[in-house]
file upload.cif (mmCIF, C-alpha atoms; chains and numbers go by the auth columns)
data_upload
#
loop_
_atom_site.group_PDB
_atom_site.id
_atom_site.type_symbol
_atom_site.label_atom_id
_atom_site.label_comp_id
_atom_site.label_asym_id
_atom_site.label_seq_id
_atom_site.Cartn_x
_atom_site.Cartn_y
_atom_site.Cartn_z
_atom_site.B_iso_or_equiv
_atom_site.auth_seq_id
_atom_site.auth_asym_id
ATOM 1 C CA MET A 1 -234.214 -176.610 23.329 0.00 13 A
ATOM 2 C CA PRO A 2 -232.687 -179.780 24.538 0.00 14 A
ATOM 3 C CA VAL A 3 -231.733 -179.983 28.164 0.00 15 A
ATOM 4 C CA LEU A 4 -228.081 -180.681 27.401 0.00 16 A
ATOM 5 C CA VAL A 5 -227.761 -177.439 25.452 0.00 17 A
ATOM 6 C CA GLN A 6 -229.463 -175.533 28.267 0.00 18 A
ATOM 7 C CA ILE A 7 -227.063 -177.023 30.812 0.00 19 A
ATOM 8 C CA CYS A 8 -224.101 -176.047 28.599 0.00 20 A
ATOM 9 C CA ILE A 9 -225.432 -172.490 28.280 0.00 21 A
ATOM 10 C CA VAL A 10 -225.858 -172.255 32.061 0.00 22 A
ATOM 11 C CA ILE A 11 -222.310 -173.624 32.621 0.00 23 A
ATOM 12 C CA ALA A 12 -220.909 -171.205 30.040 0.00 24 A
ATOM 13 C CA THR A 13 -222.791 -168.311 31.667 0.00 25 A
ATOM 14 C CA LEU A 14 -221.496 -169.317 35.090 0.00 26 A
ATOM 15 C CA ALA A 15 -217.953 -169.578 33.713 0.00 27 A
ATOM 16 C CA LEU A 16 -218.343 -166.126 32.186 0.00 28 A
ATOM 17 C CA VAL A 17 -219.531 -164.745 35.542 0.00 29 A
ATOM 18 C CA VAL A 18 -216.579 -166.383 37.353 0.00 30 A
ATOM 19 C CA ILE A 19 -214.126 -165.019 34.765 0.00 31 A
ATOM 20 C CA THR A 20 -215.695 -161.558 35.089 0.00 32 A
ATOM 21 C CA ALA A 21 -215.408 -161.718 38.895 0.00 33 A
ATOM 22 C CA ALA A 22 -211.768 -162.814 38.644 0.00 34 A
ATOM 23 C CA MET A 23 -211.102 -159.969 36.210 0.00 35 A
ATOM 24 C CA LEU A 24 -212.638 -157.499 38.672 0.00 36 A
ATOM 25 C CA VAL A 25 -210.423 -158.808 41.488 0.00 37 A
ATOM 26 C CA VAL A 26 -207.358 -158.557 39.258 0.00 38 A
ATOM 27 C CA LEU A 27 -208.336 -155.049 38.161 0.00 39 A
ATOM 28 C CA LEU A 28 -208.789 -153.997 41.803 0.00 40 A
ATOM 29 C CA HIS A 29 -205.328 -155.332 42.627 0.00 41 A
ATOM 30 C CA LEU A 30 -203.885 -153.587 39.592 0.00 42 A
ATOM 31 C CA SER A 31 -205.556 -150.361 40.683 0.00 43 A
ATOM 32 C CA ALA A 32 -203.983 -150.633 44.142 0.00 44 A
ATOM 33 C CA VAL A 33 -200.561 -151.364 42.608 0.00 45 A
ATOM 34 C CA ALA A 34 -200.979 -148.400 40.267 0.00 46 A
ATOM 35 C CA LYS A 35 -201.742 -146.132 43.255 0.00 47 A
ATOM 36 C CA HIS A 36 -198.624 -147.334 45.059 0.00 48 A
ATOM 37 C CA LEU A 37 -196.525 -146.831 41.933 0.00 49 A
ATOM 38 C CA THR A 38 -197.969 -143.347 41.474 0.00 50 A
ATOM 39 C CA VAL A 39 -197.028 -142.373 45.026 0.00 51 A
ATOM 40 C CA ALA A 40 -193.545 -143.858 44.637 0.00 52 A
ATOM 41 C CA LEU A 41 -192.988 -142.184 41.279 0.00 53 A
ATOM 42 C CA GLU A 42 -194.133 -138.824 42.671 0.00 54 A
ATOM 43 C CA GLY A 43 -191.447 -139.111 45.361 0.00 55 A
ATOM 44 C CA TRP A 44 -188.886 -140.125 42.785 0.00 56 A
ATOM 45 C CA SER A 45 -189.906 -137.291 40.485 0.00 57 A
ATOM 46 C CA VAL A 46 -189.279 -134.784 43.282 0.00 58 A
ATOM 47 C CA GLN A 47 -185.878 -136.351 43.917 0.00 59 A
ATOM 48 C CA ALA A 48 -185.148 -136.372 40.190 0.00 60 A
ATOM 49 C CA GLU A 49 -186.031 -132.666 39.967 0.00 61 A
ATOM 50 C CA GLN A 50 -183.730 -131.895 42.904 0.00 62 A
ATOM 51 C CA LEU A 51 -180.972 -133.926 41.288 0.00 63 A
ATOM 52 C CA ALA A 52 -181.465 -132.099 37.988 0.00 64 A
ATOM 53 C CA LEU A 53 -181.225 -128.733 39.776 0.00 65 A
ATOM 54 C CA GLU A 54 -178.058 -129.791 41.549 0.00 66 A
ATOM 55 C CA LEU A 55 -176.577 -131.030 38.273 0.00 67 A
ATOM 56 C CA ARG A 56 -177.408 -127.684 36.615 0.00 68 A
ATOM 57 C CA ASP A 57 -175.682 -125.837 39.456 0.00 69 A
ATOM 58 C CA LEU A 58 -172.679 -128.123 39.218 0.00 70 A
ATOM 59 C CA LEU A 59 -172.428 -127.656 35.458 0.00 71 A
ATOM 60 C CA SER A 60 -172.691 -123.879 35.758 0.00 72 A
ATOM 61 C CA GLU A 61 -169.894 -123.897 38.353 0.00 73 A
ATOM 62 C CA ALA A 62 -167.801 -126.143 36.100 0.00 74 A
ATOM 63 C CA ARG A 63 -168.362 -123.756 33.197 0.00 75 A
ATOM 64 C CA GLY A 64 -167.315 -120.883 35.467 0.00 76 A
ATOM 65 C CA LEU A 65 -164.072 -122.691 36.304 0.00 77 A
ATOM 66 C CA LEU A 66 -163.370 -123.652 32.716 0.00 78 A
ATOM 67 C CA GLY A 67 -162.466 -120.120 31.582 0.00 79 A
ATOM 68 C CA PRO A 68 -159.857 -119.444 34.291 0.00 80 A
ATOM 69 C CA SER A 69 -158.397 -122.939 33.923 0.00 81 A
ATOM 70 C CA ARG A 70 -157.943 -122.362 30.191 0.00 82 A
ATOM 71 C CA GLU A 71 -156.179 -119.100 30.975 0.00 83 A
ATOM 72 C CA VAL A 72 -153.886 -120.862 33.457 0.00 84 A
ATOM 73 C CA LEU A 73 -153.128 -123.596 30.930 0.00 85 A
ATOM 74 C CA SER A 74 -152.333 -120.970 28.311 0.00 86 A
ATOM 75 C CA ARG A 75 -149.954 -119.213 30.692 0.00 87 A
ATOM 76 C CA LEU A 76 -148.305 -122.514 31.612 0.00 88 A
ATOM 77 C CA HIS A 77 -147.841 -123.295 27.925 0.00 89 A
ATOM 78 C CA THR A 78 -146.248 -119.888 27.351 0.00 90 A
ATOM 79 C CA LEU A 79 -144.013 -120.379 30.395 0.00 91 A
ATOM 80 C CA GLY A 80 -142.982 -123.819 29.135 0.00 92 A
ATOM 81 C CA LEU A 81 -142.012 -122.341 25.766 0.00 93 A
ATOM 82 C CA ARG A 82 -139.964 -119.624 27.481 0.00 94 A
ATOM 83 C CA VAL A 83 -138.193 -122.199 29.677 0.00 95 A
ATOM 84 C CA GLU A 84 -137.420 -124.293 26.610 0.00 96 A
ATOM 85 C CA THR A 85 -135.993 -121.259 24.783 0.00 97 A
ATOM 86 C CA LEU A 86 -133.927 -120.232 27.813 0.00 98 A
ATOM 87 C CA SER A 87 -132.547 -123.731 28.412 0.00 99 A
ATOM 88 C CA THR A 88 -131.652 -124.077 24.735 0.00 100 A
ATOM 89 C CA ALA A 89 -129.821 -120.739 24.857 0.00 101 A
ATOM 90 C CA VAL A 90 -127.925 -121.736 28.026 0.00 102 A
ATOM 91 C CA VAL A 91 -126.916 -125.082 26.554 0.00 103 A
ATOM 92 C CA ASP A 92 -125.840 -123.441 23.304 0.00 104 A
ATOM 93 C CA GLU A 93 -123.707 -120.882 25.184 0.00 105 A
ATOM 94 C CA LEU A 94 -122.108 -123.397 27.547 0.00 106 A
ATOM 95 C CA GLU A 95 -121.557 -126.304 25.192 0.00 107 A
ATOM 96 C CA GLY A 96 -118.533 -124.870 23.350 0.00 108 A
ATOM 97 C CA PRO A 97 -116.581 -123.730 26.431 0.00 109 A
ATOM 98 C CA LEU A 98 -117.382 -126.966 28.270 0.00 110 A
ATOM 99 C CA VAL A 99 -116.136 -129.090 25.358 0.00 111 A
ATOM 100 C CA SER A 100 -112.971 -126.975 25.214 0.00 112 A
ATOM 101 C CA SER A 101 -112.464 -127.263 28.978 0.00 113 A
ATOM 102 C CA VAL A 102 -112.918 -131.025 28.898 0.00 114 A
ATOM 103 C CA ALA A 103 -110.450 -131.328 26.008 0.00 115 A
ATOM 104 C CA LEU A 104 -107.935 -129.122 27.871 0.00 116 A
ATOM 105 C CA MET A 105 -108.311 -131.222 31.037 0.00 117 A
ATOM 106 C CA ARG A 106 -107.775 -134.433 29.069 0.00 118 A
ATOM 107 C CA GLY A 107 -104.717 -132.929 27.435 0.00 119 A
ATOM 108 C CA LEU A 108 -103.313 -131.761 30.768 0.00 120 A
ATOM 109 C CA ARG A 109 -103.965 -135.153 32.337 0.00 121 A
ATOM 110 C CA THR A 110 -102.284 -136.925 29.442 0.00 122 A
ATOM 111 C CA GLY A 111 -99.332 -134.517 29.497 0.00 123 A
ATOM 112 C CA ALA A 112 -98.975 -134.735 33.268 0.00 124 A
ATOM 113 C CA GLY A 113 -99.140 -138.510 33.086 0.00 125 A
ATOM 114 C CA ARG A 114 -96.414 -138.590 30.427 0.00 126 A
ATOM 115 C CA LEU A 115 -94.258 -136.174 32.456 0.00 127 A
ATOM 116 C CA VAL A 116 -94.610 -138.354 35.566 0.00 128 A
ATOM 117 C CA GLU A 117 -93.702 -141.449 33.517 0.00 129 A
ATOM 118 C CA LEU A 118 -90.534 -139.748 32.222 0.00 130 A
ATOM 119 C CA LEU A 119 -89.558 -138.536 35.705 0.00 131 A
ATOM 120 C CA VAL A 120 -90.085 -141.987 37.189 0.00 132 A
ATOM 121 C CA ALA A 121 -87.989 -143.536 34.421 0.00 133 A
ATOM 122 C CA ARG A 122 -85.201 -140.993 35.023 0.00 134 A
ATOM 123 C CA VAL A 123 -85.221 -141.636 38.776 0.00 135 A
ATOM 124 C CA LYS A 124 -85.079 -145.379 38.171 0.00 136 A
ATOM 125 C CA ARG A 125 -82.122 -144.955 35.825 0.00 137 A
ATOM 126 C CA SER A 126 -80.273 -142.794 38.307 0.00 138 A
ATOM 127 C CA ARG A 127 -80.674 -145.364 41.071 0.00 139 A
ATOM 128 C CA THR A 128 -79.547 -148.388 39.147 0.00 140 A
ATOM 129 C CA PRO A 129 -76.076 -149.688 40.103 0.00 141 A
ATOM 130 C CA ARG A 130 -73.315 -148.847 37.554 0.00 142 A
ATOM 131 C CA ASN A 131 -70.611 -151.023 38.991 0.00 143 A
ATOM 132 C CA GLY A 132 -68.793 -148.090 40.437 0.00 144 A
ATOM 133 C CA VAL A 133 -68.690 -146.159 37.192 0.00 145 A
ATOM 134 C CA ASP A 134 -69.574 -142.543 37.536 0.00 146 A
ATOM 135 C CA ARG A 135 -71.162 -140.672 34.718 0.00 147 A
ATOM 136 C CA ASP A 136 -69.152 -137.546 35.201 0.00 148 A
ATOM 137 C CA GLU A 137 -65.886 -139.293 34.331 0.00 149 A
#

call {"tool": "encode", "arguments": {"input": "upload.cif", "output": "structure tokens"}}
result
Amino acid sequence: MPVLVQICIVIATLALVVITAAMLVVLLHLSAVAKHLTVALEGWSVQAEQLALELRDLLSEARGLLGPSREVLSRLHTLGLRVETLSTAVVDELEGPLVSSVALMRGLRTGAGRLVELLVARVKRSRTPRNGVDRDE
């Protein structure tokens, strides 16, 4: 074999050894990182389990409150319907008499105003000078 080919094979073998050594170093670093991640994830998994348990408790309490709140809402709805019916009945009963009362008050005000106008006109006529002429004569 020529010397040049042997030198190339030796250089290639050395390069392969260097690459293999670098790969081992990288793999060792990756192994250390994986250990750290495993420890961190174990801590997180415990926290995640605790969080899941707390969420289950919270949801069960919310479900427990949902039934009574629906009952309260149903009662409020029924009460609202009763109030609406009662207010409609009150308005229906009071509307006619109130309209009549308002019309009567307007009529009385108009009549009283007309009466006052006539009285004022009569008083003005009785106070005007008649040049000594008396009505009775």

call {"tool": "atom_distance", "arguments": {"input": "upload.cif", "atom1": "CA of Val37 in chain A", "atom2": "CA of Thr50 in chain A"}}
result
19.9 Å

call {"tool": "atom_distance", "arguments": {"input": "upload.cif", "atom1": "CA of His41 in chain A", "atom2": "CA of Ile23 in chain A"}}
result
26.9 Å

call {"tool": "axis_aligned_box", "arguments": {"input": "upload.cif", "around": "range 28-42 of chain A", "padding_each_side": "6 Å", "output": "lines of an AutoDock Vina configuration file"}}
result
center_x = -211.7
center_y = -160.0
center_z = 37.4
size_x = 27.6
size_y = 24.8
size_z = 22.4
